[in-house]
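Enquirer: Pasting a structure below so you can have a look.
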Amino acid sequence: MEFGQEDRVIWEIDESTRGIEGLDEDGRPRPAYAASLGLVRAPFGRRALAAAVEAAVYVLLLLPLLLGALPALIGAGADADPAEALRDRWVLIVVCSAVSTVLVSVYLIVQLVLHGRRGVTLGKALTGLRSVNVRTLERPGFWRGAVVRGLVLGASFAVPLLGPVLVVALSPFFDPDRRGRGWADLAGATWFVDIRHGLNPYDAKRMRIARKTVATDLEDVRRELPSLATAAGDAATAAYVPAARSSGGVLGAVRGDGPDAGSPTASASPPAPAPAASGWVPPRLLPETPDVPAAQAPPALRFVLDTGRIIDVGTGILIGRDPAPVTGDDGVTPVPIDDPTMSVSKTHLAVLPHGGDTVVVDRGSTNGSVVVRGGAEHPLTPGAPAALRPGDTIRFGDRHAMIRIG
């Protein structure tokens with residue numbers, strides 16, 4: 001059985017003032033934030049190679065015009081009767097010009113759309129580069145990121161040789177943030193990154209984990225939260241204990257009535273089973289396996305990691321990459337877990353004694369937790385405790401652990 005809606009209270013954090021992550025006080029993007037996510041600046045050599053590939057394709061599409069229409073025009077102009085020569089060759093000139101115009105137009109439109117929506121073009125796809133909006137680190141956007149940037153690049157060719165050299169080749173070296181952003185990138189608010197040696201910003205899962213990791217590790221508490229001892233309604237009759245944390249707030253469960261309900265001592269110890277009228281509802285019981293009835297399950301269990309490491313549950317353990325206890329976790333032992341893939345949250349789950357049972361509670365993790373019993377999977381609801389039995393397997397992120405006796 002899970003906690004009922006009437007037995008839980010959520011204190012929400014106002015995120016309206018948070019704004020875009022990674023900006024300084026003046027609203028400018030911080031290079032250090034992008035670097036902490038694992039984004040790597042695109043090297044100049046591969047950016048030049050990508051531009052050369054795209055220019056070569058452009059020239060290839062112009063071949064009908066260059067090899068068909070243009071020689072025909074030149075030949076007609078050199079003929080003794082240019083008008084008659086043009087009449088004889090107009091079909092070739094029109095067809096070759098139309099073919100090149102259509103091919104080049106389609107090529108440019110596809111390039112602009114791909115760049116605006118996915119931060120990639122033909123050359124960048126071949127060289128392992130991507131473009132992002134420098135402030136949001138998401139797709140550049142069609143109009144500013146692709147069209148405006150493209151217009152600036154196109155305008156640079158209005159001044160032969162000098163324009164392209166200044167705008168394309170030299171301006172990236174004038175970037176005050178040393179991120180290799182040229183004048184066209186400044187106009188389009190774009191930034192090019194290397195996905196071969198750094199994080200791919202369009203890998204939504206890994207980008208989400210990287211943002212959560214940086215936000216948790218560098219600024220674990222964004223702003224002060226209300227105390228979990230804060231009463232809901234009448235302060236004299238109700239108090240709360242922590243059940244879970246998430247990016248949206250802290251989930252509290254009603255402790256129940258009693259002489260010590262609001263005391264700090266009571267909030268620091270695990271709640272004991274109480275009648276239904278007290279406000280506590282027992283943890284939900286997962287389906288039992290026939291050979292392990294609930295009555296035979298002893299309270300003393302061990303947490304055996306997939307690496308073979310054995311951890312005594314004792315008075316409770318907190319599992320995660322760098323678990324941090326919260327109010328009410330007194331006596332709970334933090335157990336750091338190595339996880340190079342970052343699939344395990346900083347504070348992922350808790351295993352706690354509860355009356356005659358041992359329960360597991362997902363602490364609002366990013367990738368969730370699952371209890372496997374008798375071959376059936378039972379996903380955990382964040383903040384809702386579930387009773388464990390010997391033989392259960394707990395999956396958390398890409399890691400797992402067995403529950404055993406002694």
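FYI, nothing fancy with the structure tokens labels: chains A, B, ... in order, residues from 1 per chain, ligands from 1 as they appear.
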Skip A:Leu137 itself and residues of its chain fewer than 6 positions away, then list as a ChimeraX atom specification all residues within 10 Å of it, counting only C-alpha atoms.

Expert: /A:20-22,29,34,39,131,190-191,201-202,207

Enquirer: Would you mind exporting C-alpha atoms of the selected residues as a PDB file, in the first residue's frame?

Expert:
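Final file, selection.pdb:
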ATOM      1  CA  ILE A  20      18.624  29.610 -17.963  1.00  0.00           C
ATOM      2  CA  GLU A  21      21.322  27.537 -16.322  1.00  0.00           C
ATOM      3  CA  GLY A  22      24.931  28.508 -16.900  1.00  0.00           C
ATOM      4  CA  PRO A  29      26.916  32.338 -20.866  1.00  0.00           C
ATOM      5  CA  ALA A  34      29.627  24.303 -20.558  1.00  0.00           C
ATOM      6  CA  LEU A  39      31.158  20.086 -23.915  1.00  0.00           C
ATOM      7  CA  SER A 131      26.206  23.736 -33.292  1.00  0.00           C
ATOM      8  CA  THR A 190      25.843  29.906 -31.986  1.00  0.00           C
ATOM      9  CA  TRP A 191      28.738  27.858 -30.662  1.00  0.00           C
ATOM     10  CA  PRO A 201      24.457  18.100 -26.644  1.00  0.00           C
ATOM     11  CA  TYR A 202      21.767  16.358 -28.713  1.00  0.00           C
ATOM     12  CA  MET A 207      22.741  15.923 -21.415  1.00  0.00           C
TER      13      MET A 207
END

Enquirer: Go through A:Val152, A:Leu67, A:Ala387, A:Ile195 and flag the residue nearest A:Arg46, using only C-alpha atoms for the distances.

Expert: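 Smallest separation from A:Arg46 among the options: A:Ile195.
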
Enquirer: Of the candidates A:Val214, A:Ala401, A:Leu186, A:Leu60, which one gets nearest to A:Val104 if we count only C-alpha atoms?

Expert: A:Leu60

Enquirer: Report, in Å with one decimal, the straight-line distance from atom CA of A:Val167 to atom CA of A:Gly27.

Expert: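 So the answer is 25.5 Å.
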
Enquirer: For A:Ile403, which residue out of A:Val370, A:Leu305, A:Ala76, A:Val148 is the nearest one, using only C-alpha atoms?

Expert: A:Leu305

Enquirer: Write out as a PyMOL selection string each polymer residue whose atoms come within 12 Å of A:His348, counting only C-alpha atoms; drop sequence neighbours fewer than 2 positions from it.

Expert: chain A and resi 244-246+317-325+334-337+339+342-346+350-351+360-370+380+382-383+394-399

Enquirer: Using only C-alpha atoms, determine which residues lie at most 9 Å from A:Asp392, disregarding the query and same-chain residues fewer than 6 positions distant; provide the list as number ranges by chain.

Expert: A: 371-374, 401-404

Enquirer: Write the residues of the preceding selection, restricted to C-alpha atoms, as a tab-separated table (two decimals), in the first residue's frame.

Expert:
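The resulting part10.tsv:
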chain	number	residue	atom	x	y	z
A	371	VAL	CA	12.51	-4.19	-7.26
A	372	VAL	CA	12.65	-7.56	-9.05
A	373	ARG	CA	10.86	-10.37	-7.21
A	374	GLY	CA	10.09	-13.79	-8.64
A	401	ALA	CA	22.05	-5.33	-5.73
A	402	MET	CA	20.66	-8.52	-4.10
A	403	ILE	CA	18.92	-8.69	-0.73
A	404	ARG	CA	20.15	-11.56	1.42

Enquirer: Pick out each residue of stretch 6-193 of chain A that DSSP on the backbone tags as helix (DSSP H, G or I); I need them as a PyMOL selection string.

Expert: chain A and resi 6-7+31-37+44-61+63-78+82-118+122-127+141-156+162-174+183-188

Enquirer: When you count only C-alpha atoms, which of these residues is closest to A:Glu54: A:Ala80, A:Leu114, A:Leu122, A:Ala72?

Expert: A:Leu122

Enquirer: Give me the residues within 10 Å of A:Val313 as an NGL selection string, counting only C-alpha atoms and dropping any in the same chain fewer than 5 places off.

Expert: :A and (299-303 or 318 or 332-333 or 350-353 or 358 or 403)

Enquirer: Neighbours of A:Ala48 within 9 Å (only C-alpha atoms; same-chain residues fewer than 5 positions away dropped), as a list of chain:residue names?

Expert: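 Contacts, with the query itself left out: A:Pro43, A:Val53, A:Ala169.
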
Enquirer: Could you save those same residues with all heavy atoms as a short mmCIF file (atom, residue, chain, number, x, y, z; two decimals), in the first residue's frame?

Expert:
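The resulting part-v2.cif:
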data_model
loop_
_atom_site.label_atom_id
_atom_site.label_comp_id
_atom_site.auth_asym_id
_atom_site.auth_seq_id
_atom_site.Cartn_x
_atom_site.Cartn_y
_atom_site.Cartn_z
N PRO A 43 37.51 22.19 -32.80
CA PRO A 43 38.82 22.67 -33.23
C PRO A 43 38.74 23.39 -34.58
O PRO A 43 37.89 23.06 -35.42
CB PRO A 43 39.65 21.38 -33.34
CG PRO A 43 38.64 20.30 -33.53
CD PRO A 43 37.41 20.72 -32.81
N VAL A 53 34.29 20.90 -47.19
CA VAL A 53 33.41 19.85 -47.72
C VAL A 53 32.12 20.46 -48.26
O VAL A 53 31.67 20.12 -49.37
CB VAL A 53 33.10 18.82 -46.62
CG1 VAL A 53 31.98 17.88 -47.06
CG2 VAL A 53 34.34 18.02 -46.27
N ALA A 169 37.97 33.43 -41.25
CA ALA A 169 39.25 32.90 -40.79
C ALA A 169 39.80 33.61 -39.55
O ALA A 169 40.37 32.95 -38.66
CB ALA A 169 40.27 32.97 -41.92
#

Enquirer: Given the choices A:Arg309, A:Gly328, A:Ile209, A:His378, which gets closest to A:Pro340 if the distance is worked out from only C-alpha atoms?

Expert: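 So, comparing all the options, the nearest one is A:Ile209.
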
Enquirer: Between atom CA of A:Ser100 and atom CA of A:Gly128, measure the distance and give it in Å to one decimal.

Expert: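 These atoms are spaced 28.5 Å apart.
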
Enquirer: What's around A:Pro172 at 10 Å? Count only C-alpha atoms, leave out sequence neighbours fewer than 6 positions away in its own chain, and write the answer as a list in words.

Expert: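 Close residues of A:Pro172: Phe44, Leu166, Arg178, Arg179, Gly180, Arg181, Gly182, Trp183, Ala184, Asp185 and Leu186 of chain A.
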
Enquirer: Just give me the gap between atom CA of A:Leu66 and atom CA of A:Arg89 in Å, one decimal is fine.

Expert: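 About the pair atom CA of A:Leu66 and atom CA of A:Arg89: they are 14.9 Å apart.
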